[in-house]
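S.K.: I have a structure I would like to understand better, so I am pasting it below and will then ask my questions one at a time.
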Amino acid sequence: MAKVKAPRNRTIQLSDEEKLKFKERLFSIHSKAGKEQVVNKLLTQDFFECADWLPENSVDLLFVDPPYNLTKKFNSVSFREMDFNEYLNWVDGILLKLKRTLKKTASVYFCSDWKSSSAVHLALSKHFKVRNRITWEREKGRGAKKNWKNNTEDVWFATVSDNYVFNVESVKLKKKIIAPYRDENGDPKDWREGSEGNFRLTHPSNIWTDISIPFWSMPENTEHPTQKPEKLLAKLLLASSNVGDVVLDPFAGSGTTLVTAKKLQRNFIGIEKDEYYSMLALKRLELAETQKSIQGYDGEYFYERNSFPQLRRKKI
């Protein structure tokens, strides 16, 4: 018997009818493709088989979230742990395939865990100008009896050149003020008063503690084991791309990058090898036609975790 979901479980799944529907929409390329053939498309095929057919000089922002250096199964796709140099060469091979697709003004974000982070840094520094490393807190994570609990991941930020987009005003964080200091005239000092209370707009740092991992009661949650949050992608896309730009995700999974790009009026190119995850992504893209909100973002500012004003949510 099919397992019945709990009443508040909003995990996106596929019915048998939807599997047939979205399977007919799966798309792939097998020769050189122009920009018009692949933009706003999800290619269901192996990245290493189709990367050479992607159009050159067409991508404004590259987001890479490949398997970390762990032995793990992703539905029909398995990945095995490698030694450090082997994984470094594997990451380097990804970047070699992708460099030609990037514009001179493009930015690159590459995900890793603590174990693979140094390999990613070394590979990126061979090809691009490494700007920073974002470390974000995953509030989930198993405990460990003989080690520190692992609850962070890294996102390396690099650019092709010194001429790149960074929209700092688009990614400020709205933080509550605990000690509302005032100047000699009694006016708020570096903070604002509002109907939601006292708050300050802060510049984004490279330590992110405001991200919620998708879980079963969130409408963006899927069955993908390493799904990234839409809020995380929203920060990266708003900072390093403009409306109408092209975002490439060569390991698209269940489609978070593509969905977030669509919600923020960016174009996208996605690649995902597994058919089931591709179909989940296509369903999410369809849902994004009407469900345009992003958890923790009101269309203007990002909010600290668990502080979003639910009753005052703006449409974006």
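Labels used: A, B, ... for chains in the order of the structure tokens, numbers from 1 for residues in each chain, and numbers from 1 for ligands as shown.
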Find the spatial neighbours of range 258-273 of chain A, counting only C-alpha atoms, within a cut-off of 6 Å - ignore same-chain residues fewer than 6 positions away - and output them as a PyMOL selection string.
M.R.: chain A and resi 39-46+230+243-252+285+292
S.K.: Taking C-alpha atoms for each residue, export the selection above as a PDB file, in the first residue's frame.
M.R.:
```pdb
ATOM      1  CA  VAL A  39      17.797  28.535 -22.368  1.00  0.00           C
ATOM      2  CA  ASN A  40      14.967  27.848 -19.913  1.00  0.00           C
ATOM      3  CA  LYS A  41      15.384  24.139 -20.552  1.00  0.00           C
ATOM      4  CA  LEU A  42      16.392  21.230 -18.343  1.00  0.00           C
ATOM      5  CA  LEU A  43      18.613  18.698 -20.104  1.00  0.00           C
ATOM      6  CA  THR A  44      18.142  15.173 -18.774  1.00  0.00           C
ATOM      7  CA  GLN A  45      21.518  13.623 -19.478  1.00  0.00           C
ATOM      8  CA  ASP A  46      25.031  13.188 -18.146  1.00  0.00           C
ATOM      9  CA  GLU A 230      15.578  28.317  -2.413  1.00  0.00           C
ATOM     10  CA  VAL A 243      16.950  40.241 -14.356  1.00  0.00           C
ATOM     11  CA  GLY A 244      17.113  38.420 -17.699  1.00  0.00           C
ATOM     12  CA  ASP A 245      20.593  36.949 -17.112  1.00  0.00           C
ATOM     13  CA  VAL A 246      21.334  33.270 -17.764  1.00  0.00           C
ATOM     14  CA  VAL A 247      22.079  30.956 -14.822  1.00  0.00           C
ATOM     15  CA  LEU A 248      23.619  27.521 -15.469  1.00  0.00           C
ATOM     16  CA  ASP A 249      23.324  24.596 -13.042  1.00  0.00           C
ATOM     17  CA  PRO A 250      25.052  21.450 -14.392  1.00  0.00           C
ATOM     18  CA  PHE A 251      23.959  19.238 -11.451  1.00  0.00           C
ATOM     19  CA  ALA A 252      20.393  20.475 -11.111  1.00  0.00           C
ATOM     20  CA  LEU A 285       8.919  24.795 -12.524  1.00  0.00           C
ATOM     21  CA  LYS A 292       6.308  32.680  -6.552  1.00  0.00           C
TER      22      LYS A 292
END
```
S.K.: Just want the 8 Å neighbourhood of Asp274 in chain A, counted on only C-alpha atoms, with same-chain residues fewer than 4 positions away dropped. Output as a list in words.
M.R.: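 Residues meeting the cut-off are Thr44, Gln45, Asn75, Ser76, Val77, Gly253 and Ser278 of chain A.
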S.K.: Create the file for the chosen residues now, containing C-alpha atoms and written as a PDB file, in the first residue's frame.
M.R.:
```
ATOM      1  CA  THR A  44      18.142  15.173 -18.774  1.00  0.00           C
ATOM      2  CA  GLN A  45      21.518  13.623 -19.478  1.00  0.00           C
ATOM      3  CA  ASN A  75      18.258   7.556  -6.827  1.00  0.00           C
ATOM      4  CA  SER A  76      19.580   5.930 -10.049  1.00  0.00           C
ATOM      5  CA  VAL A  77      23.000   7.618  -9.823  1.00  0.00           C
ATOM      6  CA  GLY A 253      18.964  17.756  -8.854  1.00  0.00           C
ATOM      7  CA  SER A 278      14.329  15.874 -13.637  1.00  0.00           C
TER       8      SER A 278
END
```
S.K.: What separation in Å, quoted to one decimal, exists between CA of His127 in chain A and CA of Lys99 in chain A?
M.R.: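 Atom-to-atom, CA of His127 in chain A and CA of Lys99 in chain A are spaced 7.9 Å apart.
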S.K.: From a DSSP pass on the backbone, collect the residues of range 13-88 of chain A flagged as strand (DSSP E or B) and hand them back as a ChimeraX atom specification.
M.R.: /A:27,41-43,59-64,72-74,77-79
S.K.: Could you take the residues named above and write them with C-alpha atoms, as a compact mmCIF listing (two decimals), in the first residue's frame?
M.R.:
```txt
# COMPACT_ATOMS: atom_id res chain seq x y z
CA PHE A 27 14.78 16.92 -23.17
CA LYS A 41 15.38 24.14 -20.55
CA LEU A 42 16.39 21.23 -18.34
CA LEU A 43 18.61 18.70 -20.10
CA VAL A 59 26.23 32.19 -19.08
CA ASP A 60 26.17 35.06 -16.56
CA LEU A 61 26.18 32.97 -13.38
CA LEU A 62 27.35 29.39 -12.85
CA PHE A 63 26.14 27.45 -9.82
CA VAL A 64 27.80 24.06 -9.30
CA LYS A 72 26.33 8.22 -1.80
CA LYS A 73 23.41 7.12 -3.96
CA PHE A 74 21.19 9.68 -5.69
CA VAL A 77 23.00 7.62 -9.82
CA SER A 78 25.77 6.49 -7.48
CA PHE A 79 28.94 8.35 -6.48
```
S.K.: Quick check for you: according to DSSP on this backbone, which residues of range 46-256 of chain A are classed as alpha helix (DSSP H)? Reply as a PyMOL selection string.
M.R.: chain A and resi 47-50+84-98+117-127+230-240+256
S.K.: Do you know which residues are at most 10 Å from range 170-172 of chain A counting only C-alpha atoms, after dropping those on the same chain fewer than 5 positions away, and could you put them as a CSV table (one decimal) with C-alpha atoms, in the first residue's frame?
M.R.:
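Output file selection.csv is given in full below:
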```csv
chain,number,residue,atom,x,y,z
A,200,ARG,CA,18.7,47.1,11.1
A,201,LEU,CA,19.6,46.4,7.5
A,202,THR,CA,23.0,44.7,7.5
A,203,HIS,CA,25.4,44.0,4.7
A,204,PRO,CA,25.7,40.4,3.8
A,205,SER,CA,28.7,38.5,5.3
A,234,ALA,CA,18.0,33.6,-4.0
A,235,LYS,CA,20.9,35.3,-2.3
A,236,LEU,CA,23.4,34.1,-4.8
A,237,LEU,CA,21.2,35.0,-7.8
A,238,LEU,CA,20.2,38.4,-6.6
A,239,ALA,CA,23.8,39.3,-5.7
A,240,SER,CA,25.5,38.1,-8.8
A,297,TYR,CA,12.4,36.7,1.5
A,299,GLY,CA,10.8,40.6,-2.4
A,300,GLU,CA,12.9,43.3,-0.9
A,301,TYR,CA,14.9,42.0,2.1
A,302,PHE,CA,16.0,38.7,3.6
A,303,TYR,CA,14.9,37.9,7.2
```
S.K.: With distances taken over only C-alpha atoms, which of A:Thr101, A:Asn151, A:Thr159, A:Thr209 is nearest to Leu124 in chain A?
M.R.: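 Looking only at the distances to Leu124 in chain A, the closest residue turns out to be A:Thr159.
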S.K.: When you look at Lys21 in chain A with a cut-off of 12 Å (counting only C-alpha atoms), what residues show up, excluding the ones that are within fewer than 6 positions of it in the same chain? I need them as an MDAnalysis selection string.
M.R.: chainID A and resid 14:15 279:280 282:283 286
S.K.: Only N, CA and C atoms, please: the residues just picked out, written as a JSON list (two decimals), in the first residue's frame.
M.R.:
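Output contents, as saved in result_1.json:
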```
[["chain", "number", "residue", "atom", "x", "y", "z"],
["A", 14, "LEU", "N", 5.55, 12.84, -7.15],
["A", 14, "LEU", "CA", 4.95, 12.64, -8.46],
["A", 14, "LEU", "C", 3.94, 11.51, -8.43],
["A", 15, "SER", "N", 2.74, 11.79, -8.91],
["A", 15, "SER", "CA", 1.76, 10.73, -9.08],
["A", 15, "SER", "C", 2.12, 9.94, -10.33],
["A", 279, "MET", "N", 12.06, 15.06, -13.53],
["A", 279, "MET", "CA", 10.61, 15.21, -13.56],
["A", 279, "MET", "C", 10.11, 16.01, -12.35],
["A", 280, "LEU", "N", 10.73, 15.81, -11.19],
["A", 280, "LEU", "CA", 10.40, 16.64, -10.03],
["A", 280, "LEU", "C", 10.68, 18.10, -10.32],
["A", 282, "LEU", "N", 10.73, 19.58, -13.24],
["A", 282, "LEU", "CA", 9.74, 20.09, -14.19],
["A", 282, "LEU", "C", 8.42, 20.40, -13.48],
["A", 283, "LYS", "N", 8.04, 19.57, -12.52],
["A", 283, "LYS", "CA", 6.83, 19.85, -11.76],
["A", 283, "LYS", "C", 7.00, 21.13, -10.95],
["A", 286, "GLU", "N", 6.65, 24.13, -13.06],
["A", 286, "GLU", "CA", 5.25, 24.38, -13.37],
["A", 286, "GLU", "C", 4.55, 25.05, -12.18]]
```
S.K.: Restricting the calculation to only C-alpha atoms: of A:Phe110, A:Ser58, A:Tyr68, A:Lys115, which residue gets closest to Glu36 in chain A?
M.R.: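 When distances to Glu36 in chain A are compared using only C-alpha atoms, the smallest one comes from A:Ser58.
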S.K.: Please indicate the distance in Å from CA of Phe166 in chain A to CA of Glu56 in chain A, rounded to one decimal place.
M.R.: 22.6 Å
S.K.: Find the distance between CA of Asn163 in chain A and CA of Arg133 in chain A and write it in Å to one decimal.
M.R.: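 Separation between CA of Asn163 in chain A and CA of Arg133 in chain A: 18.9 Å.
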